[in-house]
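K.L.:
My structure is in query.tsv, and what it holds is TSV, C-alpha atoms:
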chain	number	residue	atom	x	y	z
J	760	MET	CA	107.02	111.26	90.89
J	761	ASN	CA	106.53	107.66	92.00
J	762	ILE	CA	104.89	107.01	95.36
J	763	LEU	CA	104.50	103.65	97.08
J	764	VAL	CA	101.63	103.21	99.55
J	765	THR	CA	101.58	100.05	101.67
J	766	GLY	CA	98.20	99.05	103.05
J	767	ALA	CA	96.63	100.71	100.02
J	768	ALA	CA	93.30	98.87	100.24
J	769	GLY	CA	92.74	99.88	103.85
J	770	PHE	CA	90.70	102.71	105.33
J	771	ILE	CA	93.36	105.42	105.32
J	772	GLY	CA	95.41	103.93	102.48
J	773	SER	CA	92.62	103.90	99.90
J	774	HIS	CA	91.66	107.51	100.63
J	775	LEU	CA	95.32	108.56	100.46
J	776	CYS	CA	95.83	106.88	97.07
J	777	GLU	CA	92.78	108.69	95.67
J	778	LYS	CA	94.13	112.01	96.89
J	779	LEU	CA	97.67	111.46	95.60
J	780	VAL	CA	96.61	110.63	92.03
J	781	GLU	CA	94.81	113.96	91.80
J	782	ASN	CA	98.31	115.29	91.06
J	783	GLU	CA	98.92	114.55	87.39
J	784	GLN	CA	102.67	114.31	88.03
J	785	VAL	CA	102.25	111.40	90.44
J	786	HIS	CA	102.06	107.65	89.84
J	787	VAL	CA	100.98	105.58	92.84
J	788	THR	CA	101.79	101.94	93.43
J	789	GLY	CA	99.60	100.46	96.11
J	790	VAL	CA	100.51	97.25	97.94
J	791	ASP	CA	98.11	95.18	100.02
J	792	THR	CA	97.86	91.56	101.11
J	793	PHE	CA	94.19	91.84	102.17
J	794	ILE	CA	94.56	90.66	105.77
J	795	GLY	CA	93.28	92.15	109.02
J	796	PRO	CA	89.87	92.87	110.50
J	797	THR	CA	88.39	94.35	107.30
J	798	PRO	CA	86.87	91.65	105.05
J	799	PRO	CA	88.47	91.37	101.57
J	800	SER	CA	85.13	92.31	99.99
J	801	LEU	CA	85.12	95.69	101.75
J	802	LYS	CA	88.80	96.25	100.95
J	803	LYS	CA	88.13	95.61	97.27
J	804	ALA	CA	85.23	98.04	97.42
J	805	ASN	CA	87.59	100.63	98.94
J	806	LEU	CA	89.56	100.60	95.67
J	807	THR	CA	86.58	100.98	93.31
J	808	ARG	CA	87.50	104.53	92.27
J	809	LEU	CA	91.09	103.51	91.56
J	810	GLU	CA	90.48	100.30	89.59
J	811	ASN	CA	90.90	101.82	86.13
J	812	HIS	CA	93.02	104.83	87.00
J	813	PRO	CA	95.93	105.15	84.56
J	814	ARG	CA	98.35	106.32	87.27
J	815	PHE	CA	97.51	103.75	89.91
J	816	THR	CA	98.86	100.21	90.10
J	817	LEU	CA	97.76	97.69	92.73
J	818	LEU	CA	100.08	94.88	93.75
J	819	HIS	CA	98.66	92.00	95.80
J	820	GLU	CA	101.86	91.20	97.68
J	821	ASN	CA	102.88	90.09	101.16
J	822	LEU	CA	105.55	92.45	102.46
J	823	LEU	CA	107.01	89.62	104.54
J	824	THR	CA	108.04	87.74	101.40
J	825	ALA	CA	108.04	90.30	98.57
J	826	ASP	CA	111.21	91.44	96.82
J	827	LEU	CA	111.25	94.83	98.49
J	828	GLU	CA	114.33	96.22	96.73
J	829	ARG	CA	112.57	95.61	93.41
J	830	LEU	CA	109.40	97.14	94.84
J	831	LEU	CA	111.27	100.30	95.88
J	832	ASP	CA	113.18	100.68	92.62
J	833	HIS	CA	112.53	104.17	91.18
J	834	VAL	CA	110.24	105.08	94.10
J	835	ASP	CA	110.55	108.64	95.42
J	836	ILE	CA	108.27	108.56	98.48
J	837	VAL	CA	107.03	105.68	100.65
J	838	TYR	CA	103.90	105.87	102.81
J	839	HIS	CA	104.13	102.84	105.09
J	840	LEU	CA	100.56	102.41	106.33
J	841	ALA	CA	100.38	98.61	106.30
J	842	GLY	CA	100.14	96.83	109.62
J	843	MET	CA	97.97	94.82	111.94
J	844	PRO	CA	95.62	97.24	113.74
J	845	GLY	CA	93.53	97.01	116.89
J	846	VAL	CA	94.17	97.01	120.63
J	847	ARG	CA	91.54	94.46	121.61
J	848	SER	CA	92.92	91.55	119.58
J	849	SER	CA	96.63	92.07	120.27
J	850	TRP	CA	96.77	90.08	123.52
J	851	GLY	CA	97.75	86.45	124.13
J	852	LYS	CA	98.24	84.04	121.24
J	853	ASP	CA	96.96	86.67	118.80
J	854	PHE	CA	100.13	88.72	119.34
J	855	ASP	CA	102.16	86.90	116.66
J	856	PRO	CA	100.57	88.66	113.64
J	857	TYR	CA	101.31	92.01	115.30
J	858	VAL	CA	104.98	91.15	115.61
J	859	THR	CA	105.31	89.97	112.02
J	860	ASN	CA	103.18	92.67	110.36
J	861	ASN	CA	104.10	95.68	112.49
J	862	ILE	CA	107.73	95.01	113.43
J	863	GLN	CA	109.24	92.54	110.98
J	864	VAL	CA	107.62	94.07	107.92
J	865	THR	CA	108.75	97.55	108.96
J	866	GLN	CA	112.33	96.31	109.46
J	867	ARG	CA	112.33	94.59	106.05
J	868	LEU	CA	111.05	97.72	104.35
J	869	LEU	CA	113.61	99.94	106.06
J	870	GLU	CA	116.38	97.48	105.18
J	871	ALA	CA	115.40	97.75	101.52
J	872	ALA	CA	114.96	101.52	101.76
J	873	LYS	CA	118.50	102.11	103.02
J	874	ASN	CA	119.82	101.25	99.54
J	875	GLN	CA	117.45	103.56	97.67
J	876	PRO	CA	117.65	107.32	97.01
J	877	LEU	CA	114.27	107.99	98.61
J	878	GLN	CA	113.06	111.51	99.25
J	879	LYS	CA	110.79	110.55	102.17
J	880	PHE	CA	109.80	107.43	104.13
J	881	ILE	CA	106.58	108.19	106.02
J	882	TYR	CA	105.78	105.78	108.83
J	883	ALA	CA	102.22	105.56	110.16
J	884	SER	CA	102.12	105.26	113.93
J	885	THR	CA	99.33	105.79	116.44
J	886	SER	CA	98.26	107.72	119.51
J	887	SER	CA	98.37	104.35	121.29
J	888	VAL	CA	102.11	104.86	121.82
J	889	TYR	CA	101.36	107.59	124.39
J	890	GLY	CA	99.33	105.46	126.75
J	891	ASP	CA	97.07	107.20	129.28
J	892	LYS	CA	97.87	110.91	129.57
J	893	GLN	CA	96.10	113.96	130.94
J	894	GLY	CA	95.53	116.95	128.69
J	895	LYS	CA	97.01	117.56	125.27
J	896	VAL	CA	99.95	115.39	124.30
J	897	ALA	CA	102.81	116.76	122.25
J	898	GLU	CA	105.20	114.57	120.29
J	899	ASP	CA	107.91	114.79	122.96
J	900	THR	CA	105.60	113.39	125.67
J	901	SER	CA	106.87	110.22	127.35
J	902	LEU	CA	105.73	107.08	125.54
J	903	THR	CA	104.11	104.38	127.70
J	904	PRO	CA	101.79	102.26	125.53
J	905	LEU	CA	99.18	100.19	127.36
J	906	SER	CA	98.70	97.40	124.80
J	907	PRO	CA	100.79	94.93	122.81
J	908	TYR	CA	99.54	96.69	119.67
J	909	GLY	CA	100.90	100.02	120.89
J	910	LEU	CA	104.21	98.37	121.76
J	911	THR	CA	104.62	97.02	118.22
J	912	LYS	CA	103.92	100.42	116.68
J	913	LEU	CA	106.42	102.02	119.04
J	914	ALA	CA	108.97	99.37	118.06
J	915	GLY	CA	108.40	100.43	114.47
J	916	GLU	CA	109.12	104.04	115.44
J	917	HIS	CA	112.39	102.97	117.07
J	918	LEU	CA	113.37	100.99	113.98
J	919	CYS	CA	112.73	104.07	111.85
J	920	TYR	CA	114.94	106.12	114.17
J	921	VAL	CA	117.90	103.72	114.04
J	922	TYR	CA	117.70	103.37	110.25
J	923	ARG	CA	117.60	107.15	109.90
J	924	LYS	CA	120.61	107.56	112.22
J	925	SER	CA	122.64	104.71	110.76
J	926	PHE	CA	121.70	104.81	107.08
J	927	ALA	CA	120.08	108.24	106.56
J	928	VAL	CA	116.72	106.76	105.59
J	929	PRO	CA	114.59	109.94	105.31
J	930	VAL	CA	112.00	108.99	107.92
J	931	ILE	CA	108.97	111.00	109.00
J	932	THR	CA	106.69	109.57	111.69
J	933	VAL	CA	102.97	110.34	111.86
J	934	ARG	CA	100.79	109.52	114.87
J	935	PHE	CA	97.08	109.22	114.09
J	936	PHE	CA	94.37	110.00	116.64
J	937	THR	CA	91.16	107.94	116.16
J	938	VAL	CA	90.48	108.43	112.47
J	939	TYR	CA	86.86	107.88	111.41
J	940	GLY	CA	84.62	108.31	108.37
J	941	PRO	CA	83.63	106.31	105.26
J	942	ARG	CA	85.53	103.00	104.92
J	943	GLN	CA	86.44	102.89	108.61
J	944	ARG	CA	87.34	99.36	109.74
J	945	PRO	CA	84.39	97.21	110.92
J	946	ASP	CA	86.04	96.59	114.30
J	947	MET	CA	86.25	100.29	115.14
J	948	ALA	CA	83.70	101.83	117.48
J	949	PHE	CA	81.81	104.18	115.16
J	950	HIS	CA	81.45	101.54	112.45
J	951	ARG	CA	80.13	99.04	115.00
J	952	PHE	CA	77.82	101.53	116.70
J	953	ILE	CA	76.28	102.78	113.46
J	954	ARG	CA	75.76	99.32	112.01
J	955	GLN	CA	74.30	98.02	115.27
J	956	ILE	CA	71.85	100.90	115.66
J	957	LEU	CA	70.76	100.73	112.00
J	958	THR	CA	70.06	96.99	112.30
J	959	ASP	CA	68.34	97.35	115.70
J	960	ASP	CA	71.06	95.33	117.41
J	961	THR	CA	72.25	96.08	120.92
J	962	ILE	CA	75.28	98.34	120.95
J	963	THR	CA	78.18	96.85	122.88
J	964	LEU	CA	80.04	99.59	124.71
J	965	TYR	CA	83.26	98.80	126.57
J	966	GLY	CA	83.51	100.98	129.67
J	967	ASP	CA	81.14	103.62	131.02
J	968	GLY	CA	81.10	105.79	127.90
J	969	HIS	CA	82.80	108.69	129.63
J	970	GLN	CA	86.09	107.94	127.90
J	971	SER	CA	86.94	110.67	125.39
J	972	ARG	CA	88.80	110.71	122.11
J	973	ASP	CA	90.30	113.23	119.74
J	974	PHE	CA	88.30	112.20	116.67
J	975	THR	CA	89.94	112.87	113.29
J	976	TYR	CA	87.77	112.85	110.17
J	977	ILE	CA	89.34	110.97	107.28
J	978	ASP	CA	89.46	113.97	104.91
J	979	ASP	CA	91.37	116.00	107.48
J	980	CYS	CA	93.78	113.12	108.07
J	981	ILE	CA	94.40	112.80	104.32
J	982	ALA	CA	94.95	116.54	103.95
J	983	GLY	CA	97.76	116.30	106.49
J	984	LEU	CA	99.28	113.17	104.98
J	985	SER	CA	99.19	114.35	101.38
J	986	ALA	CA	100.74	117.72	102.31
J	987	MET	CA	103.93	115.84	103.17
J	988	VAL	CA	104.69	115.27	99.49
J	989	ASP	CA	105.63	118.90	98.85
J	990	LYS	CA	106.66	120.16	102.29
J	991	ASP	CA	110.33	120.57	103.21
J	992	GLY	CA	111.98	120.28	106.62
J	993	LEU	CA	110.11	117.14	107.65
J	994	ILE	CA	112.87	114.52	107.81
J	995	GLY	CA	113.34	113.23	111.35
J	996	LYS	CA	110.12	114.84	112.58
J	997	THR	CA	107.27	113.17	114.45
J	998	ILE	CA	103.86	114.72	113.79
J	999	ASN	CA	100.50	114.26	115.52
J	1000	ILE	CA	97.45	114.20	113.27
J	1001	GLY	CA	94.39	114.98	115.39
J	1002	GLY	CA	90.87	116.21	114.76
J	1003	LYS	CA	88.69	119.29	115.02
J	1004	GLU	CA	86.91	118.28	118.23
J	1005	ARG	CA	86.94	115.85	121.13
J	1006	ALA	CA	83.95	114.12	122.65
J	1007	THR	CA	83.05	111.29	124.98
J	1008	ILE	CA	81.68	108.04	123.61
J	1009	ASN	CA	78.30	108.81	125.22
J	1010	GLU	CA	78.21	112.17	123.43
J	1011	THR	CA	78.97	110.56	120.07
J	1012	LEU	CA	76.24	107.96	120.62
J	1013	ALA	CA	73.75	110.75	121.26
J	1014	ILE	CA	74.73	112.34	117.93
J	1015	ILE	CA	74.36	109.00	116.11
J	1016	GLU	CA	70.89	108.59	117.63
J	1017	GLN	CA	69.90	112.05	116.41
J	1018	LEU	CA	71.27	111.49	112.91
J	1019	THR	CA	69.69	108.04	112.47
J	1020	GLY	CA	66.46	108.87	114.26
J	1021	LYS	CA	66.80	105.68	116.29
J	1022	LYS	CA	67.25	105.06	120.00
J	1023	ALA	CA	70.23	102.88	120.86
J	1024	ALA	CA	69.94	99.86	123.11
J	1025	ILE	CA	73.27	99.81	124.93
J	1026	GLU	CA	74.96	96.96	126.76
J	1027	TYR	CA	77.76	98.25	128.95
J	1028	LEU	CA	80.68	95.83	129.20
J	1029	PRO	CA	83.90	96.03	131.23
J	1030	ALA	CA	86.49	98.48	129.91
J	1031	LEU	CA	89.06	96.97	127.58
J	1032	ARG	CA	92.58	96.34	128.76
J	1033	GLY	CA	95.05	98.54	126.93
J	1034	GLU	CA	92.67	101.38	126.08
J	1035	PRO	CA	93.50	104.85	127.44
J	1036	LYS	CA	90.71	106.76	129.15
J	1037	HIS	CA	91.34	109.92	127.12
J	1038	THR	CA	93.28	111.06	124.05
J	1039	TRP	CA	93.93	114.64	122.97
J	1040	ALA	CA	96.45	115.65	120.32
J	1041	ASP	CA	98.60	118.73	120.41
J	1042	ILE	CA	98.68	119.46	116.66
J	1043	SER	CA	101.03	122.46	116.81
J	1044	ASN	CA	103.71	120.64	114.81
J	1045	ALA	CA	101.24	119.67	112.09
J	1046	GLN	CA	99.95	123.24	111.91
J	1047	THR	CA	103.47	124.64	111.59
J	1048	LEU	CA	105.03	122.01	109.32
J	1049	LEU	CA	102.04	121.02	107.17
J	1050	ASP	CA	99.68	124.01	107.41
J	1051	TYR	CA	97.32	121.46	108.92
J	1052	ASP	CA	93.85	122.78	109.72
J	1053	PRO	CA	91.22	120.14	110.54
J	1054	ARG	CA	87.84	121.39	109.36
J	1055	VAL	CA	85.24	118.64	109.69
J	1056	ALA	CA	83.05	118.79	112.78
J	1057	LEU	CA	82.09	115.54	114.48
J	1058	ARG	CA	78.39	115.76	113.59
J	1059	GLU	CA	79.19	116.34	109.92
J	1060	GLY	CA	81.71	113.50	109.84
J	1061	LEU	CA	79.36	111.06	111.54
J	1062	ALA	CA	76.64	111.88	109.01
J	1063	CYS	CA	79.05	110.93	106.22
J	1064	GLU	CA	79.98	107.68	107.95
J	1065	ILE	CA	76.32	106.80	108.49
J	1066	ALA	CA	75.68	107.30	104.77
J	1067	TYR	CA	78.61	105.00	103.98
J	1068	ILE	CA	77.40	102.26	106.36
J	1069	ARG	CA	73.91	102.42	104.85
J	1070	SER	CA	75.38	102.03	101.36
J	1071	ALA	CA	78.00	99.38	102.20
J	1072	TYR	CA	75.46	97.09	103.89
J	1073	ALA	CA	72.37	98.13	101.89
J	1074	LEU	CA	70.61	99.27	105.08
Rewrite the structure from the file as structure tokens, please.
P.N.:
Amino acid sequence: MNILVTGAAGFIGSHLCEKLVENEQVHVTGVDTFIGPTPPSLKKANLTRLENHPRFTLLHENLLTADLERLLDHVDIVYHLAGMPGVRSSWGKDFDPYVTNNIQVTQRLLEAAKNQPLQKFIYASTSSVYGDKQGKVAEDTSLTPLSPYGLTKLAGEHLCYVYRKSFAVPVITVRFFTVYGPRQRPDMAFHRFIRQILTDDTITLYGDGHQSRDFTYIDDCIAGLSAMVDKDGLIGKTINIGGKERATINETLAIIEQLTGKKAAIEYLPALRGEPKHTWADISNAQTLLDYDPRVALREGLACEIAYIRSAYAL
């Protein structure tokens, strides 16, 4: 089986590629153009375990210009994880890369996919498409994104829908809820908090810290994603991938302080535009369709991310 993973050098992509090649019947082609908030040096380090793997091939290609029909030739499953992430930097003149990398790239890939006998086309979306909601959100909840980033990911979902309806592209949509753990992007909150507290820098916290998130540890996220290879009845479905427990930002900072043995100096800044106050995933679909069962508690996951940050920055 041949699987294509776009965004293969990223946080989620690199972990997914490692998991997929555990199956001796699978060959993975990873594509990445090494852009975005993660420095190329960290992205290269993400792929260390895959560098010499006989069933992994890395292509340094830009999906905006690559020959995608050639890329998809003989591919059975596509995981489309590539995109421009981040709410904070999607406003104003910085919006252009979000349009090209989240909308245009997705359209180009779907256009190439319509001519291929794919088994599955898995599109990575985000909880940002929901906007600000109270309580658990199921996949059929109304979608009212609060940021330009969320809008571009929702546009990608709509493109997937029309290509499935018009050309039978076998699309599955996955919405991630705040994934964290080793290799998390440097612009994400836990990565920033841990690095700042370990280097005795002031932690910059946007908002009052009472905002809460459904935190999803990377291993749980990958378990859900990789299960899609062998599961039937997924085409046309949208699936939330959430975590084992929710917490406020203040609660997570208290855990980081305990695990590092250091007291955080916190500078409270105005809340960011485009960020919901709370997120909470209804994972019933994932449990039913994927046998999804998130297992990693927040304290355990944060300990693993702290170990990664110490190693990555020699702290």
K.L.:
Determine the nearest neighbour of Leu1074 in chain J from the options J:Ala768, J:Val1055, J:Val846, J:Ile956, counting all atoms listed in the file.
P.N.:
J:Ile956
K.L.:
Using all atoms listed in the file, determine which residues lie at most 12 Å from Thr797 in chain J, disregarding the query and same-chain residues fewer than 3 positions distant; provide the list as a tab-separated table (two decimals) with C-alpha atoms, in the coordinates of the input.
P.N.:
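The file below, out_27.tsv, is the result:
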chain	number	residue	atom	x	y	z
J	766	GLY	CA	98.20	99.05	103.05
J	768	ALA	CA	93.30	98.87	100.24
J	769	GLY	CA	92.74	99.88	103.85
J	770	PHE	CA	90.70	102.71	105.33
J	792	THR	CA	97.86	91.56	101.11
J	793	PHE	CA	94.19	91.84	102.17
J	794	ILE	CA	94.56	90.66	105.77
J	800	SER	CA	85.13	92.31	99.99
J	801	LEU	CA	85.12	95.69	101.75
J	802	LYS	CA	88.80	96.25	100.95
J	803	LYS	CA	88.13	95.61	97.27
J	804	ALA	CA	85.23	98.04	97.42
J	805	ASN	CA	87.59	100.63	98.94
J	843	MET	CA	97.97	94.82	111.94
J	844	PRO	CA	95.62	97.24	113.74
J	845	GLY	CA	93.53	97.01	116.89
J	942	ARG	CA	85.53	103.00	104.92
J	943	GLN	CA	86.44	102.89	108.61
J	944	ARG	CA	87.34	99.36	109.74
J	945	PRO	CA	84.39	97.21	110.92
J	946	ASP	CA	86.04	96.59	114.30
J	947	MET	CA	86.25	100.29	115.14
J	950	HIS	CA	81.45	101.54	112.45
K.L.:
At a cut-off of 12 Å, using only C-alpha atoms, what residues contact Thr932 in chain J? Leave out same-chain residues fewer than 5 positions from it and give the result as a PDB file with C-alpha atoms, in the coordinates of the input.
P.N.:
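around-v5.pdb, written as the output of this step:
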ATOM      1  CA  VAL J 837     107.030 105.680 100.650  1.00  0.00           C
ATOM      2  CA  TYR J 838     103.900 105.870 102.810  1.00  0.00           C
ATOM      3  CA  HIS J 839     104.130 102.840 105.090  1.00  0.00           C
ATOM      4  CA  LEU J 840     100.560 102.410 106.330  1.00  0.00           C
ATOM      5  CA  LYS J 879     110.790 110.550 102.170  1.00  0.00           C
ATOM      6  CA  PHE J 880     109.800 107.430 104.130  1.00  0.00           C
ATOM      7  CA  ILE J 881     106.580 108.190 106.020  1.00  0.00           C
ATOM      8  CA  TYR J 882     105.780 105.780 108.830  1.00  0.00           C
ATOM      9  CA  ALA J 883     102.220 105.560 110.160  1.00  0.00           C
ATOM     10  CA  SER J 884     102.120 105.260 113.930  1.00  0.00           C
ATOM     11  CA  THR J 885      99.330 105.790 116.440  1.00  0.00           C
ATOM     12  CA  SER J 886      98.260 107.720 119.510  1.00  0.00           C
ATOM     13  CA  GLU J 898     105.200 114.570 120.290  1.00  0.00           C
ATOM     14  CA  LYS J 912     103.920 100.420 116.680  1.00  0.00           C
ATOM     15  CA  LEU J 913     106.420 102.020 119.040  1.00  0.00           C
ATOM     16  CA  GLY J 915     108.400 100.430 114.470  1.00  0.00           C
ATOM     17  CA  GLU J 916     109.120 104.040 115.440  1.00  0.00           C
ATOM     18  CA  HIS J 917     112.390 102.970 117.070  1.00  0.00           C
ATOM     19  CA  LEU J 918     113.370 100.990 113.980  1.00  0.00           C
ATOM     20  CA  CYS J 919     112.730 104.070 111.850  1.00  0.00           C
ATOM     21  CA  TYR J 920     114.940 106.120 114.170  1.00  0.00           C
ATOM     22  CA  ARG J 923     117.600 107.150 109.900  1.00  0.00           C
ATOM     23  CA  LEU J 984      99.280 113.170 104.980  1.00  0.00           C
ATOM     24  CA  MET J 987     103.930 115.840 103.170  1.00  0.00           C
ATOM     25  CA  LEU J 993     110.110 117.140 107.650  1.00  0.00           C
ATOM     26  CA  ILE J 994     112.870 114.520 107.810  1.00  0.00           C
ATOM     27  CA  GLY J 995     113.340 113.230 111.350  1.00  0.00           C
ATOM     28  CA  LYS J 996     110.120 114.840 112.580  1.00  0.00           C
ATOM     29  CA  THR J 997     107.270 113.170 114.450  1.00  0.00           C
ATOM     30  CA  ILE J 998     103.860 114.720 113.790  1.00  0.00           C
ATOM     31  CA  ASN J 999     100.500 114.260 115.520  1.00  0.00           C
ATOM     32  CA  ILE J1000      97.450 114.200 113.270  1.00  0.00           C
ATOM     33  CA  ASN J1044     103.710 120.640 114.810  1.00  0.00           C
ATOM     34  CA  ALA J1045     101.240 119.670 112.090  1.00  0.00           C
TER      35      ALA J1045
END
K.L.:
Between J:Arg814, J:His969, J:Lys990, J:His774, which is the closest to Pro1035 in chain J once you count all atoms listed in the file?
P.N.:
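Closest to Pro1035 in chain J of all the choices is J:His969.
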K.L.:
Rounded to one decimal place, report the CA of Leu817 in chain J-CA of Glu777 in chain J distance in Å.
P.N.:
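A separation of 12.4 Å between them.
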K.L.:
Let me make sure I understand: among J:Ala1030, J:Ile1014, J:Ala948, J:Val988, which one has the smallest atom-to-atom distance to Ala1062 in chain J if we use all atoms listed in the file?
P.N.:
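Under the stated criterion, the closest residue is J:Ile1014.
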K.L.:
Given all atoms listed in the file as the basis, pick out the residue of J:Ser848, J:Asn761, J:Thr865, J:Ser985 nearest to Leu1049 in chain J.
P.N.:
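So, comparing all the options, the nearest one is J:Ser985.
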K.L.:
Using all atoms listed in the file, can you tell me which of J:Lys873, J:Arg1005, J:Arg1054, J:His812 comes closest to Lys895 in chain J?
P.N.:
J:Arg1005
K.L.:
Using only C-alpha atoms, determine which residues lie at most 9 Å from Arg847 in chain J, disregarding the query and same-chain residues fewer than 3 positions distant; provide the list as a PyMOL selection string.
P.N.:
chain J and resi 850+906+908+1031-1034
K.L.:
Residues at most 10 Å from Ala1013 in chain J, counting all atoms listed in the file, excluding those fewer than 6 positions away in the same chain, as a list in words?
P.N.:
Lys1021, Lys1022 and Ala1023 of chain J
K.L.:
Check the smallest atom-to-atom distance from each of J:Leu831, J:Ile836, J:Ile1068, J:Ile762 to Thr1019 in chain J using all atoms listed in the file, then report the winner.
P.N.:
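So, comparing all the options, the nearest one is J:Ile1068.
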K.L.:
So how many Å separate CA of Cys980 in chain J and CA of Glu781 in chain J, to one decimal?
P.N.:
16.3 Å
K.L.:
Could you name the residues that touch Phe936 in chain J at 8 Å or less, counting all atoms listed in the file, but leaving out those on the same chain fewer than 2 positions away, as a list in words?
P.N.:
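What passes the distance filter is Thr885, Ser886, Arg934, Val938, Arg972, Asp973, Phe974, Thr975, Asn999, Ile1000, Gly1001, Gly1002, Thr1038, Trp1039 and Ala1040 of chain J.
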K.L.:
As an exercise, work out the distance from CA of Arg1058 in chain J to CA of Pro798 in chain J in Å and give it to one decimal place.
P.N.:
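Answer for the CA of Arg1058 in chain J to CA of Pro798 in chain J separation: 26.9 Å.
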K.L.:
If I put a ball of radius 12 Å at (105.9, 88.3, 103.9) in the file's coordinates, which residues poke into it when counting all atoms listed in the file, written as a list in words?
P.N.:
Asp791, Thr792, Ile794, His819, Glu820, Asn821, Leu822, Leu823, Thr824, Ala825, Asp826, Leu827, Ala841, Gly842, Pro856, Thr859, Asn860, Asn861, Ile862, Gln863, Val864, Thr865, Gln866, Arg867 and Leu868 of chain J
